[in-house]
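Following: one structure in structure tokens, then a few remarks.
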Amino acid sequence: MLKEIIQQHAENIYNDVVSNRRHLHANPELSFNEVQTSAFVASKLDELGIPYERMADNGLVGLIKGSKPSDNVVALRADMDALPIIEANEVEYKSKNHGVMHACGHDAHTSSLLGTATILSKMKDDFGGTVKLIFQPAEEKLPGGANLMIQQGVLENPKPQAVIGQHVMPFIDAGKVGFRAGKYMASTDEIYVKVIGKGGHGAQPQQNVDPVIITAHMLVALQQIVSRFADPKNPSVLSFGKVIANGATNVIPNEVYLEGTFRTMDEQWRNEAHIKMKKMAEGLCESMGATCDFDIRRGYPFLINEEKLTAEVRAYTEEYLGKENVLDLDIWMAAEDFAYYSQVADSCFYRLGTRNEARGITSSVHTPTFDVEESSLMGSTGLMAYIALKRLGN
């Protein structure tokens, strides 16, 4: 009966959820600047009569308390920020903020959680326990909105026994959901390097300390951190995506700049790798007459889905959507600041399918043509409400 009631509510509010998603998509805001987005969410919570407080500037935390007696608490999380991408989609809800785009589905996450809040508000006389609604800013940018909200007490007063998050996945068909228990997503660190040599004429290399050649050696040598020091059973990735050697055909520059990322799923190895990378880079430069500034900016930790909780949430999802619509996921070396919740509380982060090949909705996240199959929002709103109530023991 609970399933059918929630499904009916989800169907009744579907058009509103889509409308909210399109409004958010057309009005994206970058990390730490989600002022209007936050105001929009606050107005919807006001309409529903849901009390809330602000955290981390633009973050909102709402509470829905069931009328029946229960001390159980579950937290549901959605992120709100967009990306610095020029949208290429020609749709009626195309971004009005040129150069900013909801290319990671956070508009879908926010509108979905607002839909879930609507359903739970309509049903609060029928359940016991408390649902904490976390509308989080700045998932896309260090230090991450999750980290800031945790520091400011988002997981206290009341303290949830579980934190649940969902994220769009364009490689899964709409109507399906994916799970992975245990380690799921990688930690992420940003690497900034400046190799300092002595520039000069390209025809007189003996008078120079060539930072370009030294950087080339460094790029190759650093890959040994992964290929020869990392345990093969522990996934690790070291990639450099930006190299600036601002010389000319016959001019060796004084400096070369590098930017990259290091990702893994083991905190001890992560710390060891930082030391090894810095030592290797500085030693190589010294041996070739140069120096380097090797700066590692520590980012999000790895994301772990608590085994028992994830098994329970998966079972609830199979009840709600049907077992045939629930898939297994592999580890993914992308990063997500939901990992901060998973490091301090029992957490489950699952994937919502948003793909529709017939309509050409197949682009990856973080691309100018990313979009979601909006029919997935009917399932996402109802599913999260069902998970919350089942988790609370109703």
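Numbering starts fresh at 1 for the residues of each chain in the structure tokens, the chains themselves are lettered A, B, ... in the order given, and ligands are numbered from 1 as they appear.
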Sel. of strand (DSSP E or B) residues, region 49-279 of chain A, as a ChimeraX atom specification:
/A:52-55,59-65,68-79,82-83,101,128-136,162-173,177-179,182-185,189-196,198,200-201,209,236-244,248,251-252,255-264
Please identify every residue of region 46-106 of chain A that has at least one atom no farther than 10 Å from an atom of region 322-343 of chain A, counting only C-alpha atoms, and for each give the shortest atom pair and the distance in Å to one decimal, arranged by chain then increasing number, as JSON lines.
{"residue": "A:Arg77", "atom": "CA", "partner": "A:Phe338", "partner_atom": "CA", "distance": 8.5}
{"residue": "A:Ala78", "atom": "CA", "partner": "A:Phe338", "partner_atom": "CA", "distance": 9.5}
{"residue": "A:Asp79", "atom": "CA", "partner": "A:Phe338", "partner_atom": "CA", "distance": 9.2}
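Minimum atom-to-atom distance to Arg297 (chain A), evaluated using only C-alpha atoms, belongs to A:Asp189 out of A:Asp371, A:Asp189, A:Glu319, A:Glu53.
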Shell of 8 Å around region 372-387 of chain A, only C-alpha atoms, local chain residues under 5 positions omitted, as JSON, numbers by chain
{"A": [2, 3, 6, 7, 9, 10, 11, 14, 17, 18, 76, 105, 108, 112, 113, 115, 116, 117, 119, 120, 168, 170, 174, 175, 313, 316, 317, 320, 321, 352, 353, 354, 355, 356, 361]}
For Tyr93 (chain A), work out the shell of residues within 10 Å, counting only C-alpha atoms and skipping chain neighbours fewer than 3 positions away, then give it as a ChimeraX atom specification.
/A:19,21-27,89-90,96
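Note that CA of Ala56 (chain A) and CA of Lys159 (chain A) are 18.1 Å apart.
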Ranking A:Tyr52, A:Phe32, A:Phe349, A:Phe171 by minimum distance to Ile134 (chain A) and counting only C-alpha atoms, which one comes first?
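Once distances to Ile134 (chain A) are computed over only C-alpha atoms, the minimum belongs to A:Tyr52.
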Polymer residues at most 9 Å from Gly241 (chain A), only C-alpha atoms, same-chain spacing of 6 or more positions, as a list in words
Leu258, Glu259, Gly260 and Thr261 of chain A
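Non-sequential neighbours of Glu140 (chain A) (distance at most 8 Å, separation of 3 or more positions within a chain, only C-alpha atoms) are Ser31, Asp81, Ala82, Leu83, Gly144, Glu336 and Asp337 of chain A.
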Determine which residues of region 82-211 of chain A DSSP labels as alpha helix (DSSP H) from the backbone of this structure, then write them out as a VMD selection string.
chain A and resid 106 to 122 145 to 151 211
Go ahead and save the residues from that selection, with N, CA and C atoms, as a short mmCIF file (atom, residue, chain, number, x, y, z; two decimals), in the first residue's frame.
data_model
loop_
_atom_site.label_atom_id
_atom_site.label_comp_id
_atom_site.auth_asym_id
_atom_site.auth_seq_id
_atom_site.Cartn_x
_atom_site.Cartn_y
_atom_site.Cartn_z
N HIS A 106 22.63 18.65 -11.23
CA HIS A 106 22.26 19.12 -9.90
C HIS A 106 20.89 19.78 -9.90
N ASP A 107 20.46 20.30 -11.06
CA ASP A 107 19.09 20.80 -11.17
C ASP A 107 18.08 19.68 -10.99
N ALA A 108 18.41 18.51 -11.52
CA ALA A 108 17.54 17.34 -11.35
C ALA A 108 17.55 16.87 -9.90
N HIS A 109 18.72 16.90 -9.26
CA HIS A 109 18.81 16.46 -7.87
C HIS A 109 17.97 17.36 -6.97
N THR A 110 18.08 18.68 -7.18
CA THR A 110 17.38 19.63 -6.33
C THR A 110 15.88 19.56 -6.54
N SER A 111 15.45 19.54 -7.79
CA SER A 111 14.01 19.47 -8.06
C SER A 111 13.44 18.14 -7.58
N SER A 112 14.21 17.09 -7.69
CA SER A 112 13.76 15.78 -7.22
C SER A 112 13.56 15.78 -5.71
N LEU A 113 14.53 16.35 -4.97
CA LEU A 113 14.39 16.38 -3.52
C LEU A 113 13.24 17.28 -3.09
N LEU A 114 13.01 18.36 -3.82
CA LEU A 114 11.83 19.18 -3.54
C LEU A 114 10.55 18.37 -3.75
N GLY A 115 10.55 17.53 -4.78
CA GLY A 115 9.40 16.66 -5.01
C GLY A 115 9.23 15.65 -3.89
N THR A 116 10.34 15.07 -3.45
CA THR A 116 10.29 14.13 -2.33
C THR A 116 9.78 14.83 -1.08
N ALA A 117 10.22 16.06 -0.86
CA ALA A 117 9.75 16.83 0.29
C ALA A 117 8.25 17.06 0.22
N THR A 118 7.75 17.30 -0.98
CA THR A 118 6.31 17.49 -1.16
C THR A 118 5.54 16.24 -0.78
N ILE A 119 6.02 15.10 -1.25
CA ILE A 119 5.36 13.83 -0.94
C ILE A 119 5.37 13.57 0.56
N LEU A 120 6.51 13.74 1.19
CA LEU A 120 6.63 13.46 2.61
C LEU A 120 5.80 14.43 3.45
N SER A 121 5.69 15.66 2.99
CA SER A 121 4.86 16.64 3.70
C SER A 121 3.39 16.22 3.68
N LYS A 122 2.96 15.70 2.56
CA LYS A 122 1.56 15.24 2.43
C LYS A 122 1.29 14.01 3.30
N GLY A 145 30.94 21.85 -0.50
CA GLY A 145 29.88 22.27 0.40
C GLY A 145 29.56 21.25 1.47
N ALA A 146 29.71 19.97 1.16
CA ALA A 146 29.44 18.93 2.16
C ALA A 146 30.37 19.08 3.35
N ASN A 147 31.64 19.31 3.08
CA ASN A 147 32.63 19.49 4.14
C ASN A 147 32.24 20.66 5.04
N LEU A 148 31.86 21.77 4.43
CA LEU A 148 31.50 22.96 5.19
C LEU A 148 30.24 22.74 6.01
N MET A 149 29.26 22.08 5.43
CA MET A 149 28.00 21.86 6.15
C MET A 149 28.18 20.89 7.32
N ILE A 150 29.03 19.90 7.13
CA ILE A 150 29.32 18.98 8.24
C ILE A 150 29.99 19.72 9.38
N GLN A 151 30.95 20.59 9.03
CA GLN A 151 31.64 21.38 10.06
C GLN A 151 30.67 22.27 10.82
N PRO A 211 63.62 23.79 -18.68
CA PRO A 211 62.52 23.25 -17.88
C PRO A 211 61.54 22.43 -18.71
#
Let me make sure I understand: among A:Ala103, A:Thr310, A:Asn254, A:Ile164, which one has the smallest atom-to-atom distance to Ser364 (chain A) if we use only C-alpha atoms?
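Among A:Ala103, A:Thr310, A:Asn254, A:Ile164, it is A:Ala103 that comes nearest to Ser364 (chain A).
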Measuring between only C-alpha atoms, which one of A:Gln36, A:Thr369, A:Thr188, A:Asn250 shows the shortest distance to Pro205 (chain A)?
A:Asn250
